[in-house]
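Okay, input-v8.cif now, which holds mmCIF, C-alpha atoms:
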data_start
#
loop_
_atom_site.label_atom_id
_atom_site.label_comp_id
_atom_site.auth_asym_id
_atom_site.auth_seq_id
_atom_site.Cartn_x
_atom_site.Cartn_y
_atom_site.Cartn_z
CA MET A 1 -2.73 13.51 -8.46
CA ILE A 2 -4.52 10.72 -6.68
CA THR A 3 -3.39 9.99 -3.14
CA PHE A 4 -4.18 6.78 -1.32
CA GLU A 5 -5.22 6.85 2.33
CA ILE A 6 -4.40 3.44 3.74
CA CYS A 7 -6.89 2.03 6.23
CA GLY A 8 -5.23 -0.72 8.25
CA PRO A 9 -2.03 -2.59 7.39
CA ARG A 10 -0.52 -2.37 3.90
CA PRO A 11 1.18 -5.45 2.40
CA ALA A 12 4.94 -4.98 2.89
CA ILE A 13 5.63 -5.73 -0.78
CA LEU A 14 3.73 -2.58 -1.76
CA SER A 15 5.63 0.59 -0.82
CA ALA A 16 4.33 4.10 -0.33
CA ARG A 17 6.46 5.04 -3.37
CA ASP A 18 4.66 2.41 -5.47
CA LEU A 19 1.31 3.93 -4.54
CA THR A 20 2.51 7.49 -5.19
CA ARG A 21 3.74 6.52 -8.66
CA THR A 22 0.47 4.73 -9.35
CA GLY A 23 -1.59 7.73 -8.23
CA LYS A 24 0.40 10.04 -10.50
CA ALA A 25 0.11 7.68 -13.47
CA LEU A 26 -3.64 7.30 -12.96
CA ALA A 27 -4.20 11.06 -12.71
CA LYS A 28 -2.14 11.67 -15.84
CA SER A 29 -3.86 8.95 -17.88
CA LEU A 30 -7.33 10.04 -16.73
CA ARG A 31 -6.45 13.73 -17.27
CA MET A 32 -7.42 14.62 -13.71
CA LYS A 33 -6.55 18.20 -12.78
CA LYS A 34 -7.86 18.27 -9.20
CA ALA A 35 -6.22 16.46 -6.31
CA SER A 36 -8.24 13.42 -5.32
CA SER A 37 -7.99 10.76 -2.65
CA VAL A 38 -8.99 7.15 -2.39
CA SER A 39 -9.31 5.14 0.82
CA LEU A 40 -7.53 1.83 0.31
CA SER A 41 -8.06 -1.20 2.54
CA PHE A 42 -6.37 -4.58 2.36
CA ILE A 43 -8.75 -7.08 3.89
CA PRO A 44 -8.92 -10.81 4.63
CA PRO A 45 -11.01 -13.23 2.55
CA ALA A 46 -13.86 -13.49 5.09
CA LYS A 47 -14.43 -9.73 5.11
CA MET A 48 -14.15 -9.52 1.32
CA ARG A 49 -16.74 -12.28 0.96
CA MET A 50 -19.06 -10.45 3.36
CA LEU A 51 -18.73 -7.19 1.39
CA ASN A 52 -19.20 -8.96 -1.93
CA ARG A 53 -22.31 -10.70 -0.63
CA GLY A 54 -23.73 -7.55 0.95
CA PHE A 55 -23.10 -5.13 -1.90
CA ARG A 56 -23.12 -7.31 -5.01
CA GLY A 57 -25.18 -10.32 -3.92
CA LYS A 58 -22.29 -12.67 -4.74
CA ASP A 59 -21.46 -15.09 -1.94
CA ARG A 60 -17.79 -15.55 -2.75
CA VAL A 61 -14.41 -13.90 -2.24
CA THR A 62 -13.23 -11.54 -4.97
CA ASP A 63 -10.01 -9.66 -5.59
CA VAL A 64 -11.12 -6.02 -5.53
CA LEU A 65 -14.25 -4.00 -4.79
CA SER A 66 -14.78 -0.28 -5.38
CA PHE A 67 -17.29 1.88 -3.54
CA SER A 68 -18.37 5.38 -4.47
CA PRO A 69 -18.53 7.94 -1.65
CA ALA A 70 -22.25 7.24 -1.28
CA ASP A 71 -21.58 3.55 -0.48
CA ILE A 72 -18.56 3.87 1.88
CA PRO A 73 -18.67 0.63 3.93
CA LEU A 74 -15.05 0.73 5.12
CA PRO A 75 -13.46 2.54 8.10
CA LYS A 76 -12.08 5.98 7.34
CA PRO A 77 -8.61 7.32 8.15
CA GLU A 78 -8.41 9.81 10.99
CA LYS A 79 -6.94 12.73 9.06
CA SER A 80 -9.20 15.27 7.41
CA ARG A 81 -9.65 15.18 3.66
CA LEU A 82 -8.12 18.06 1.75
CA ALA A 83 -8.71 16.47 -1.65
CA ALA A 84 -11.91 15.30 -3.31
CA GLN A 85 -12.80 11.80 -2.14
CA LEU A 86 -13.24 9.46 -5.13
CA GLY A 87 -14.32 6.53 -2.95
CA ASP A 88 -13.04 3.38 -1.28
CA ILE A 89 -11.25 0.36 -2.64
CA ALA A 90 -10.99 -2.97 -0.82
CA ILE A 91 -8.39 -5.49 -1.98
CA CYS A 92 -7.96 -9.07 -0.79
CA PRO A 93 -4.19 -9.83 -0.80
CA PHE A 94 -4.87 -13.55 -0.24
CA TYR A 95 -6.91 -13.71 -3.45
CA ALA A 96 -4.35 -11.55 -5.27
CA ARG A 97 -1.54 -13.89 -4.19
CA SER A 98 -3.26 -16.94 -5.66
CA GLU A 99 -4.06 -15.06 -8.88
CA ALA A 100 -0.46 -13.83 -9.22
CA LYS A 101 0.83 -17.36 -8.74
CA ARG A 102 -1.65 -18.74 -11.30
CA ARG A 103 -0.57 -16.13 -13.85
CA GLY A 104 3.16 -16.40 -13.08
CA ILE A 105 3.59 -12.76 -12.05
CA SER A 106 4.71 -11.03 -8.87
CA LEU A 107 2.30 -10.22 -6.06
CA LYS A 108 3.38 -6.58 -6.29
CA GLU A 109 2.34 -6.41 -9.95
CA GLU A 110 -1.03 -7.98 -9.20
CA LEU A 111 -1.70 -5.64 -6.26
CA LEU A 112 -0.87 -2.58 -8.38
CA ARG A 113 -3.16 -3.91 -11.14
CA LEU A 114 -5.98 -4.18 -8.59
CA VAL A 115 -5.40 -0.65 -7.28
CA ILE A 116 -5.57 0.67 -10.86
CA HIS A 117 -8.62 -1.48 -11.62
CA GLY A 118 -10.40 -0.17 -8.52
CA VAL A 119 -9.72 3.47 -9.39
CA LEU A 120 -10.93 2.97 -12.94
CA HIS A 121 -14.23 1.66 -11.56
CA LEU A 122 -14.47 4.74 -9.33
CA LYS A 123 -13.98 6.90 -12.43
CA GLY A 124 -16.87 5.20 -14.23
CA TYR A 125 -15.13 2.47 -16.21
CA ASP A 126 -16.74 -0.97 -16.32
CA HIS A 127 -16.29 -4.31 -18.05
CA ALA A 128 -19.85 -5.55 -18.38
CA THR A 129 -19.66 -5.74 -22.17
CA GLU A 130 -16.87 -6.88 -24.47
CA LEU A 131 -16.30 -3.32 -25.72
CA GLU A 132 -16.16 -1.92 -22.17
CA GLU A 133 -13.81 -4.71 -21.12
CA THR A 134 -11.44 -4.04 -24.01
CA ARG A 135 -11.38 -0.33 -23.23
CA MET A 136 -10.99 -0.66 -19.47
CA PHE A 137 -8.45 -3.48 -19.43
CA GLY A 138 -6.40 -1.84 -22.18
CA LEU A 139 -6.16 1.38 -20.18
CA GLN A 140 -5.48 -0.58 -16.98
CA GLU A 141 -2.54 -2.43 -18.55
CA ARG A 142 -1.09 0.76 -20.13
CA ILE A 143 -1.14 2.49 -16.74
CA LEU A 144 0.37 -0.58 -15.06
CA ASP A 145 3.14 -0.71 -17.69
CA SER A 146 3.98 2.96 -17.01
CA VAL A 147 4.25 2.26 -13.27
CA THR A 148 6.26 -0.95 -13.46
CA GLU A 149 8.80 0.12 -16.14
#
Show this structure as structure tokens.
Amino acid sequence: MITFEICGPRPAILSARDLTRTGKALAKSLRMKKASSVSLSFIPPAKMRMLNRGFRGKDRVTDVLSFSPADIPLPKPEKSRLAAQLGDIAICPFYARSEAKRRGISLKEELLRLVIHGVLHLKGYDHATELEETRMFGLQERILDSVTE
């Protein structure tokens, strides 16, 4: 199972139960046998822009960024890690809200999509080519469907 260690405030629309279900669905779909953890931060647009500029050279806000344990730019939770650390995910709820509105979906659905997307990046998935995009986004949506049923 994948557990999420929340760094800072979590959007109220996203419950601990939602994240537990998502972690279980991800672990099952990715055939992960060992317990793993991901640090998850919900950050404002200015901080997201700074991270995107610093780590990707893109001077704009984005919805989600994933960092392997070697990168780790975000603050860590206080408790000790009993599971393998996959990495950190930063999500910008402000960006997610505008994207959810544009697509006509709930903020909760978009936030869960971004959590799944971030974990898939940590597990080596990418969408740089059309084939990679088809594979990653297909898996992402299947996992999301299993969580939101």
- Residue nearest Ala46 (chain A) - candidates A:Ala84, A:Cys92, A:Ala70, A:Val64, atoms counted: all atoms listed in the file: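 Ranked by minimum distance to Ala46 (chain A), first place goes to A:Cys92.
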- Residue nearest Arg21 (chain A) - candidates A:Asp126, A:Glu149, A:Asp63, A:Asp88, atoms counted: all atoms listed in the file: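 Of A:Asp126, A:Glu149, A:Asp63, A:Asp88, the one nearest Arg21 (chain A) is A:Glu149, counting all atoms listed in the file.
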- Task: One decimal, Å: what's the distance from CA of Leu120 (chain A) over to CA of Pro9 (chain A), could you say?
- Result: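 Result for CA of Leu120 (chain A) versus CA of Pro9 (chain A): 22.9 Å, one decimal.
CA of Met1 (chain A) to CA of Ser39 (chain A) spans 14.1 Å [interatomic distance, one decimal].
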Give me the residues of region 111-138 of chain A that have any atom at most 10 Å from an atom of region 94-103 of chain A; for each, the nearest atom pair and the distance in Å, rounded to one decimal. Use all atoms listed in the file, sort by chain and number, and format it as CSV.
residue,atom,partner,partner_atom,distance
A:Leu111,CA,A:Ala96,CA,6.6
A:Arg113,CA,A:Ala96,CA,9.7
A:Leu114,CA,A:Ala96,CA,8.2
- Message: Residues proximal to (-7.9, 4.7, -4.9) were defined as those with any atom within 9 Å of that point in the file's coordinates, counting all atoms listed in the file. Which are they, as a count of residues only?
- Response: 21
- Kindly give the distance, in Å, that separates CA of Ile105 (chain A) and CA of Gln140 (chain A), rounded to a single decimal. 16.0 Å
Which residues fall under the PyMOL selection byres ((chain A and resi 145) around 12) in this file, as a short mmCIF file (atom, residue, chain, number, x, y, z; two decimals) with C-alpha atoms, in the coordinates of the input?
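For reference, out.cif as written:
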data_model
loop_
_atom_site.label_atom_id
_atom_site.label_comp_id
_atom_site.auth_asym_id
_atom_site.auth_seq_id
_atom_site.Cartn_x
_atom_site.Cartn_y
_atom_site.Cartn_z
CA ARG A 21 3.74 6.52 -8.66
CA THR A 22 0.47 4.73 -9.35
CA ALA A 25 0.11 7.68 -13.47
CA LEU A 26 -3.64 7.30 -12.96
CA SER A 29 -3.86 8.95 -17.88
CA GLU A 109 2.34 -6.41 -9.95
CA GLU A 110 -1.03 -7.98 -9.20
CA LEU A 112 -0.87 -2.58 -8.38
CA ARG A 113 -3.16 -3.91 -11.14
CA ILE A 116 -5.57 0.67 -10.86
CA GLY A 138 -6.40 -1.84 -22.18
CA LEU A 139 -6.16 1.38 -20.18
CA GLN A 140 -5.48 -0.58 -16.98
CA GLU A 141 -2.54 -2.43 -18.55
CA ARG A 142 -1.09 0.76 -20.13
CA ILE A 143 -1.14 2.49 -16.74
CA LEU A 144 0.37 -0.58 -15.06
CA SER A 146 3.98 2.96 -17.01
CA VAL A 147 4.25 2.26 -13.27
CA THR A 148 6.26 -0.95 -13.46
CA GLU A 149 8.80 0.12 -16.14
#
- Item | Residue among A:Leu30, A:Leu65, A:Ala12, A:Ala35 lying closest to Leu51 (chain A), counting all atoms listed in the file |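 The shortest atom-to-atom distance to Leu51 (chain A) comes from A:Leu65.
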- Message: Which residues are close to region 60-62 of chain A, i.e. within 6 Å by only C-alpha atoms, leaving aside same-chain residues fewer than 3 positions away? Reply as a PyMOL selection string.
- Response: chain A and resi 45+48-49
Would you mind exporting C-alpha atoms of the selected residues as an mmCIF file, keeping the file's coordinate frame?
data_model
loop_
_atom_site.group_PDB
_atom_site.id
_atom_site.type_symbol
_atom_site.label_atom_id
_atom_site.label_comp_id
_atom_site.auth_asym_id
_atom_site.auth_seq_id
_atom_site.Cartn_x
_atom_site.Cartn_y
_atom_site.Cartn_z
ATOM 1 C CA PRO A 45 -11.010 -13.230 2.550
ATOM 2 C CA MET A 48 -14.150 -9.520 1.320
ATOM 3 C CA ARG A 49 -16.740 -12.280 0.960
#
- Item | Using all atoms listed in the file: which of A:Leu131, A:Ser41, A:Arg31, A:Pro69 has the shortest distance to Arg10 (chain A) |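 Between A:Leu131, A:Ser41, A:Arg31, A:Pro69, the residue approaching Arg10 (chain A) most closely is A:Ser41.
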